[in-house]
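For reference, the structure is listed below as C-alpha cells.
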Amino acid sequence: DANALKRILTSIDGRGYGSYKQLKGTYDLGPCRLLINHVQVDPFAPPSLMRLVVDAGTADLPEDLISDRRGRIATTDYLARAVAGATRSLDAVSIGAPQQEVLDRTSIALTEQGLEARISVQLPAAGRRVKSRQATRLLTEDLPRIAEAALVHASLDADALRAHVTLHRDQEALRDQLADRGLVAFVGDGAMLPRRSGDSDLPLEAGAVPFRSPGSLRVSFELPSGRRVSGMGVPDGVTVIVGGGYHGKSTLLRAIERGVYPHRDGDGREWVVTRAEVAAIRAEDGRSVAGVDISPFITGLPSGTDTRRFSTTNASGSTSQAANLVEAVDAGASALLIDEDTSATNFMIRDERMRRLIPAEREPITPFVDRIRPLYTERGVSTVLVAGGSGAFFDVADHVIALDEYVPHDVTEQARELADGAAAEPGEDMFGPPSARVPAAGALRPPGKKKPATARGRETIRFGHEQIDLSALSQLVDAAQTEAIAHALDRLAELMERTGPVEQAEPSGARPTLDAAITALFARLDDEGLEALSPHRGHPGHLARPRPLEVHAAVNRYRGLRLDG
Ligand code: ADP
Ligand code: MG
C-alpha cells in the first residue's frame with residue numbers, strides 16, 4: 001500500500017537516481033492501484049511508465065456506452081481528456097492528451113477488471129539523486145487525487161460522457177454512408193472551418209463565417225441518435241474549388257483533409273466528415289523515392305531514367321508530387337485532395353503557349369490536368385482540387401464550386417460555358433494495376449539499428465541512423481500517431497522476416513508485398529488492439545492509431561528502402 005511506497009522512497013532519499021528502480025511493483029493507493037512498470041534510468045531519459053487501475057465497480061461506466069468499438073474509443077477519449085485535465089497543473093505527469101480529433105489511443109484501457117490510465121511520470125531529481133519528499137507527494141497524493149477526479153465514477157458527468165459517445169457514433173455512422181451516397185466528403189451547414197492561426201488547430205475565436213451549402217449540392221443524413229444533419233456533399237468525380245485569393249479555398253480543403261478523423265464537440269468541424277481513405281497530395285521536393293511507377297506523369301527524362309520504376313534520393317517538385325500521388329493510389333486512396341498552394345505548377349498544368357513552344361516529345365511531364373479524368377474512369381479515384389489561378393481544370397471538372405467571402409456557390413454551369421473542350425482524349429489504361437512492391441530482404445533493418453524506431457514529435461521518426469521526415473503528411477495529426485508508426489516499422493520488419501503471418505498474407509510463401517504486410521499488420525490491430533504495436537506489455541506508451549496510408553507514406557520515405565527485383 002501507500003506506506004510500502006513511502007518506506008521505499010524514504011530509504012532511497014539522496015541516493016543515485018537508479019535507486020528509483022526499487023519502486024517497480026504494485027501499490028494500493030485507496031481509489032486506485034498504482035502499477036509501476038518501467039522506471040527511467042536517469043532524469044534525462046524518457047519518463048517512467050505507470051498505470052492507475054480503477055475497479056469496474058468504482059469506475060462505474062454505463063454498459064451501453066462501451067458495448068461497441070466506437071463507444072469504447074469515444075469513452076476512453078473522454079477519460080483521457082479528464083485525466084489530462086486533472087494533471088494540467090502537474091508538469092511531471094502526462095497521458096498523451098487528445099487534441100481536437102477523437103482517435104483510438106492506448107492512453108486509457110478498458111479491461112476485465114475495470115479501467116486503466118497509462119501515464120508517464122517524470123520522477124523528481126536533485127542533480128542525479130533521488131528526491132524522496134517530492135516523489136512521495138507525487139506518487140501517494142497527486143496520483144490518487146488524479147484517479148479520484150477523473151476515473152472514480154468516471155461517468156459522474158454522465159450527460160457529458162453520453163453526449164461525447166453519441167456524437168462520435170453519429171459521425172462514424174455518417175462516414176459509413178458516404179461511399180454509398182457517392183460522396184467523397186460532407187461539410188455540414190453551420191460548420192466553423194477557419195483555425196486560430198497557422199500553427200493552431202483550435203477554432204478561430206471571433207469573426208468566423210459559418211459554412212452554408214449551395215442548394216444544388218445540399219444533402220442530408222439521418223443519424224443513429226435521431227439527429228438529422230444537412231450540408232454540402234462533395235460528389236465523387238472531379239470537383240474544382242475556385243474563388244479569389246483569401247476567400248477561404250484552402251481552409252475548406254484543409255477541413256476536408258482533416259475530416260478523415262472525427263472532431264470533438266466545439267471544434268467547429270464536428271460535421272466535416274470525409275471518407276476514411278482520402279489522401280492529401282502535395283509537392284515535396286527533396287524526398288527520396290524507391291521504385292515507383294510515375295510513368296503516367298513523367299516519361300522520357302533526358303537522363304534516360306526508367307520512370308516505371310523510378311528511384312531518387314532527391315525528387316524535384318513535380319516528381320515528388322507524382323510519386324506521392326501514385327503511392328497514395330496504390331495504397332488504396334479513393335480520392336485525392338490537392339491545393340494549388342502546395343503543388344508544383346508544372347505538375348498541374350501546361351498552358352497552350354508552352355505546349356506550342358515546347359513540343360510534347362521534348363517535355364517529360366504530362367500534367368495532372370490531362371490525367372485527372374483517367375484517374376477517375378480507370379481507377380475510380382476522385383479528385384477535389386483547389387485551383388484559383390487557372391481555368392484549365394474547367395474542361396475536366398464534374399463540379400466547380402466558387403467561394404465568395406467564404407460562402408460556396410455552385411458555378412458548374414458558368415465554368416462549363418467557359419471551357420474550351422481541350423480536354424485530352426482518354427487514352428487506354430494509362431494507369432495499370434497497382435505495382436507489387438516487395439521490400440528487399442532486411443530492407444527495414446537499417447544498418448546500425450539496435451534501438452527501436454522512435455518518434456521525435458509529430459514530424460520525424462528516428463530509424464537506425466536515418467531520420468524519416470513526415471512533415472509533408474498533413475493528415476498525420478498527432479505525435480502519438482507518429483510513435484505508433486515508429487513501432488509499426490519495427491513490427492513490419494519482423495512480419496516480413498517471419499513466416500507465419502507472412503504466409504497468411506501471401507499464400508504462395510513468397511515474400512510479401514509492402515501492401516500485404518501493412519494489411520496484415522492492421523488486421524492484427526483490429527484483433528488485438530492498438531497495443532499490439534508496442535514491444536512492451538502492460539504499458540504500451542502513448543500511441544494513437546494511424547491510417548494505413550500514413551504507414552505506407554513513412555515506409556516510402558525511408559531513405560534506405562530497397563525493393564526486390
Ligand atoms: P484562399 O486559399 O482562398 O486564398 P484561405 O483559405 O487561405 O484562402 O483563407 C484566407 C483567410 O481567411 C485565412 O486567414 C482564413 O483563416 C480565413 N478564413 C477562411 N475561412 C473563413 C471563414 N469561414 N470565416 C472567417 N475567416 C475565414
Ligand atoms: Mg489557398
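Residue names in the C-alpha cells use chain letters A, B, ... in the order shown, residue numbers from 1 in each chain, and ligand numbers from 1 in the order shown.
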Segment 231-238 of chain A: which residues within 8 Å, counting only C-alpha atoms, same-chain residues fewer than 3 positions away excluded, as a list in words?
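Answer for this query is Gly182, Leu183, Val184, Ala185, Phe186, Val187, Gly188, Asp189, Arg212, Ser213, Pro214, Leu217, Arg218, Val219, Ser220, Ile372, Arg373, Tyr376, Val381, Ser382, Thr383, Val384, Leu385, Val396, Ala397, Asp398 and His399 of chain A.
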Using only C-alpha atoms, please write the residues we just selected to a file, as a compact mmCIF listing (two decimals), in the first residue's frame.
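See again10.txt below for the written result:
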```
# COMPACT_ATOMS: atom_id res chain seq x y z
CA GLY A 182 -21.49 8.73 -54.00
CA LEU A 183 -19.73 11.32 -51.86
CA VAL A 184 -16.09 11.97 -51.06
CA ALA A 185 -16.93 14.22 -48.12
CA PHE A 186 -19.65 16.08 -46.31
CA VAL A 187 -19.40 19.62 -44.92
CA GLY A 188 -22.24 20.41 -42.56
CA ASP A 189 -24.17 23.66 -42.57
CA ARG A 212 -23.53 27.32 -45.82
CA SER A 213 -24.10 24.72 -48.52
CA PRO A 214 -25.16 25.65 -52.06
CA LEU A 217 -25.13 20.21 -53.60
CA ARG A 218 -27.16 20.05 -50.41
CA VAL A 219 -27.67 16.60 -48.90
CA SER A 220 -28.88 15.42 -45.53
CA ILE A 372 -7.31 13.67 -63.67
CA ARG A 373 -10.16 12.05 -65.67
CA TYR A 376 -11.35 8.55 -62.10
CA VAL A 381 -10.13 7.73 -57.82
CA SER A 382 -11.87 11.09 -57.36
CA THR A 383 -10.14 14.44 -57.00
CA VAL A 384 -11.03 17.56 -55.07
CA LEU A 385 -8.81 20.35 -56.27
CA VAL A 396 -12.30 18.18 -66.83
CA ALA A 397 -14.45 19.09 -63.82
CA ASP A 398 -17.75 17.45 -62.94
CA HIS A 399 -18.42 20.20 -60.41
```
Within-9 Å residues of ligand 2, basis only C-alpha atoms and all ligand atoms, as a ChimeraX atom specification:
/A:245-251,253,339-342,386-388
What's the 7 Å shell around segment 162-169 of chain A, counting only C-alpha atoms, without same-chain residues fewer than 2 positions away, as a list of chain:residue names?
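Contacts, with the query itself left out: A:Leu65, A:Arg70, A:Gly71, A:Ala74, A:Thr75, A:Ala158, A:Asp159, A:Ala160, A:Gln171, A:Glu172, A:Ala173, A:Ser225, A:Pro262.
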Would you kindly return, as a PyMOL selection string, each protein, DNA or RNA residue with an atom no farther than 7 Å from any atom of Phe310 of chain A, considering only C-alpha atoms and excluding same-chain residues fewer than 6 positions away?
chain A and resi 290-294
What are the closest atom pairs, with distances in Å to one decimal, for each residue of segment 201-304 of chain A lying within 10 Å of segment 473-486 of chain A, using only C-alpha atoms, rows by chain and rising residue number, as a tab-separated table?
```
residue	atom	partner	partner_atom	distance
A:Asp201	CA	A:Val477	CA	9.8
A:Arg254	CA	A:Ser474	CA	8.6
A:Glu257	CA	A:Gln475	CA	6.5
A:Arg258	CA	A:Gln475	CA	6.2
A:Gly259	CA	A:Gln475	CA	9.3
A:Val260	CA	A:Gln475	CA	8.1
A:Tyr261	CA	A:Gln475	CA	8.9
A:Val278	CA	A:Gln475	CA	9.5
A:Ala279	CA	A:Gln475	CA	7.8
A:Ala280	CA	A:Ser474	CA	7.0
A:Ile281	CA	A:Leu473	CA	8.4
A:Arg282	CA	A:Leu473	CA	8.7
A:Glu284	CA	A:Leu473	CA	9.7
```
Take the residues from that selection and put them in a file with N, CA and C atoms, as a PDB file, in the first residue's frame.
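Result saved to again_2.pdb:
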```pdb
ATOM      1  N   ASP A 201      -4.654  24.434 -34.102  1.00  0.00           N
ATOM      2  CA  ASP A 201      -5.774  23.691 -34.671  1.00  0.00           C
ATOM      3  C   ASP A 201      -7.088  24.051 -33.963  1.00  0.00           C
ATOM      4  N   ARG A 254      -8.559  22.058 -46.341  1.00  0.00           N
ATOM      5  CA  ARG A 254      -7.895  21.523 -45.135  1.00  0.00           C
ATOM      6  C   ARG A 254      -8.892  20.881 -44.182  1.00  0.00           C
ATOM      7  N   GLU A 257      -9.574  17.567 -45.569  1.00  0.00           N
ATOM      8  CA  GLU A 257      -8.407  16.717 -45.270  1.00  0.00           C
ATOM      9  C   GLU A 257      -8.489  16.119 -43.868  1.00  0.00           C
ATOM     10  N   ARG A 258      -8.771  16.987 -42.900  1.00  0.00           N
ATOM     11  CA  ARG A 258      -8.826  16.579 -41.500  1.00  0.00           C
ATOM     12  C   ARG A 258     -10.100  15.804 -41.182  1.00  0.00           C
ATOM     13  N   GLY A 259     -11.093  15.924 -42.072  1.00  0.00           N
ATOM     14  CA  GLY A 259     -12.374  15.237 -41.860  1.00  0.00           C
ATOM     15  C   GLY A 259     -12.269  13.719 -41.899  1.00  0.00           C
ATOM     16  N   VAL A 260     -11.092  13.188 -42.238  1.00  0.00           N
ATOM     17  CA  VAL A 260     -10.928  11.730 -42.141  1.00  0.00           C
ATOM     18  C   VAL A 260     -10.957  11.287 -40.680  1.00  0.00           C
ATOM     19  N   TYR A 261     -10.776  12.241 -39.748  1.00  0.00           N
ATOM     20  CA  TYR A 261     -10.881  11.939 -38.315  1.00  0.00           C
ATOM     21  C   TYR A 261     -12.093  12.645 -37.732  1.00  0.00           C
ATOM     22  N   VAL A 278      -9.142   8.912 -47.827  1.00  0.00           N
ATOM     23  CA  VAL A 278      -8.889  10.012 -48.763  1.00  0.00           C
ATOM     24  C   VAL A 278      -7.527  10.634 -48.444  1.00  0.00           C
ATOM     25  N   ALA A 279      -6.762  10.921 -49.500  1.00  0.00           N
ATOM     26  CA  ALA A 279      -5.372  11.348 -49.285  1.00  0.00           C
ATOM     27  C   ALA A 279      -5.096  12.758 -49.806  1.00  0.00           C
ATOM     28  N   ALA A 280      -4.483  13.574 -48.975  1.00  0.00           N
ATOM     29  CA  ALA A 280      -3.995  14.886 -49.413  1.00  0.00           C
ATOM     30  C   ALA A 280      -2.654  14.693 -50.109  1.00  0.00           C
ATOM     31  N   ILE A 281      -2.507  15.311 -51.266  1.00  0.00           N
ATOM     32  CA  ILE A 281      -1.302  15.137 -52.077  1.00  0.00           C
ATOM     33  C   ILE A 281      -0.661  16.489 -52.327  1.00  0.00           C
ATOM     34  N   ARG A 282       0.650  16.571 -52.088  1.00  0.00           N
ATOM     35  CA  ARG A 282       1.340  17.833 -52.327  1.00  0.00           C
ATOM     36  C   ARG A 282       2.721  17.570 -52.916  1.00  0.00           C
ATOM     37  N   GLU A 284       6.735  17.743 -52.681  1.00  0.00           N
ATOM     38  CA  GLU A 284       7.601  17.540 -51.515  1.00  0.00           C
ATOM     39  C   GLU A 284       9.029  17.366 -52.013  1.00  0.00           C
TER      40      GLU A 284
END
```
Determine which residues of segment 294-475 of chain A receive a DSSP assignment of helix (DSSP H, G or I), computed from the backbone, and state them as JSON, numbers by chain.
{"A": [307, 308, 309, 317, 318, 319, 320, 321, 322, 323, 324, 325, 326, 327, 328, 329, 330, 340, 341, 342, 345, 346, 347, 348, 352, 353, 354, 355, 356, 357, 360, 361, 362, 368, 369, 370, 372, 373, 374, 375, 376, 377, 378, 379, 392, 393, 394, 395, 396, 412, 413, 414, 415, 416, 417, 418]}
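Using only C-alpha atoms and all ligand atoms for every distance, the candidate list A:Leu514, A:Ala402, A:Ala323, A:Val209 yields A:Val209 as the residue closest to ligand 1.
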When distances are computed from only C-alpha atoms and all ligand atoms, which of A:Leu403, A:Ala84, A:Leu325, A:Met50 shows the smallest separation from ligand 1?
A:Leu403
Would you mind reading off the distance between atom CA of Ser534 of chain A and atom CA of Ala328 of chain A, one decimal, in Å?
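Rounded to one decimal, the two atoms are 25.8 Å apart.
Those residues of segment 385-452 of chain A that DSSP, working from the backbone, places in strand (DSSP E) are Leu385, Val386, His399, Val400, Ile401, Ala402, Leu403, Asp404, Val407, Pro408, His409 and Asp410 of chain A.
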Resulting file, chosen residues, N, CA and C atoms, as a CSV table (one decimal), in the first residue's frame:
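The file below, again-v1.csv, is the result:
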```csv
chain,number,residue,atom,x,y,z
A,385,LEU,N,-10.0,19.6,-55.9
A,385,LEU,CA,-8.8,20.4,-56.3
A,385,LEU,C,-9.1,21.8,-56.0
A,386,VAL,N,-8.2,22.5,-55.4
A,386,VAL,CA,-8.3,24.0,-55.3
A,386,VAL,C,-7.5,24.6,-56.4
A,399,HIS,N,-17.8,19.1,-61.2
A,399,HIS,CA,-18.4,20.2,-60.4
A,399,HIS,C,-17.4,21.3,-60.2
A,400,VAL,N,-17.8,22.5,-60.2
A,400,VAL,CA,-17.0,23.6,-59.9
A,400,VAL,C,-17.7,24.4,-58.8
A,401,ILE,N,-17.0,24.6,-57.7
A,401,ILE,CA,-17.6,25.3,-56.5
A,401,ILE,C,-16.8,26.6,-56.4
A,402,ALA,N,-17.4,27.8,-56.3
A,402,ALA,CA,-16.7,29.0,-56.1
A,402,ALA,C,-17.0,29.5,-54.7
A,403,LEU,N,-15.9,29.9,-54.1
A,403,LEU,CA,-16.0,30.5,-52.7
A,403,LEU,C,-16.0,32.0,-52.9
A,404,ASP,N,-17.0,32.6,-52.3
A,404,ASP,CA,-17.1,34.1,-52.3
A,404,ASP,C,-17.3,34.6,-50.9
A,407,VAL,N,-18.3,31.8,-48.7
A,407,VAL,CA,-19.5,31.1,-48.9
A,407,VAL,C,-19.5,30.4,-50.3
A,408,PRO,N,-19.7,29.1,-50.3
A,408,PRO,CA,-19.6,28.4,-51.6
A,408,PRO,C,-20.9,28.5,-52.5
A,409,HIS,N,-20.6,28.6,-53.8
A,409,HIS,CA,-21.7,28.6,-54.8
A,409,HIS,C,-21.3,27.6,-55.8
A,410,ASP,N,-22.4,27.0,-56.4
A,410,ASP,CA,-22.2,26.0,-57.4
A,410,ASP,C,-22.1,26.8,-58.8
```
Find the residue from A:Arg353, A:Arg137, A:Arg196, A:Arg118 that sits nearest to ligand 1; use only C-alpha atoms and all ligand atoms when measuring.
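Nearest candidate to ligand 1 out of A:Arg353, A:Arg137, A:Arg196, A:Arg118: A:Arg196.
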Find the residue from A:Leu223, A:Ala331, A:Ala149, A:Leu563 that sits nearest to Ser311 of chain A; use only C-alpha atoms when measuring.
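Ranked by minimum distance to Ser311 of chain A, first place goes to A:Leu563.
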Residues near segment 86-101 of chain A, cut-off 8 Å, only C-alpha atoms, skip fewer than 4 positions along chain, as a ChimeraX atom specification
/A:77,80-82,107,117-123,146,149-150,201-202,261-264,267,478,480,542
So that I can see what lies close to Val54 of chain A, please list as a PyMOL selection string the residues with an atom at most 12 Å from it, counting only C-alpha atoms and leaving out residues fewer than 2 positions away in the same chain.
chain A and resi 28-35+51-52+56-61+108-118+144+146-154
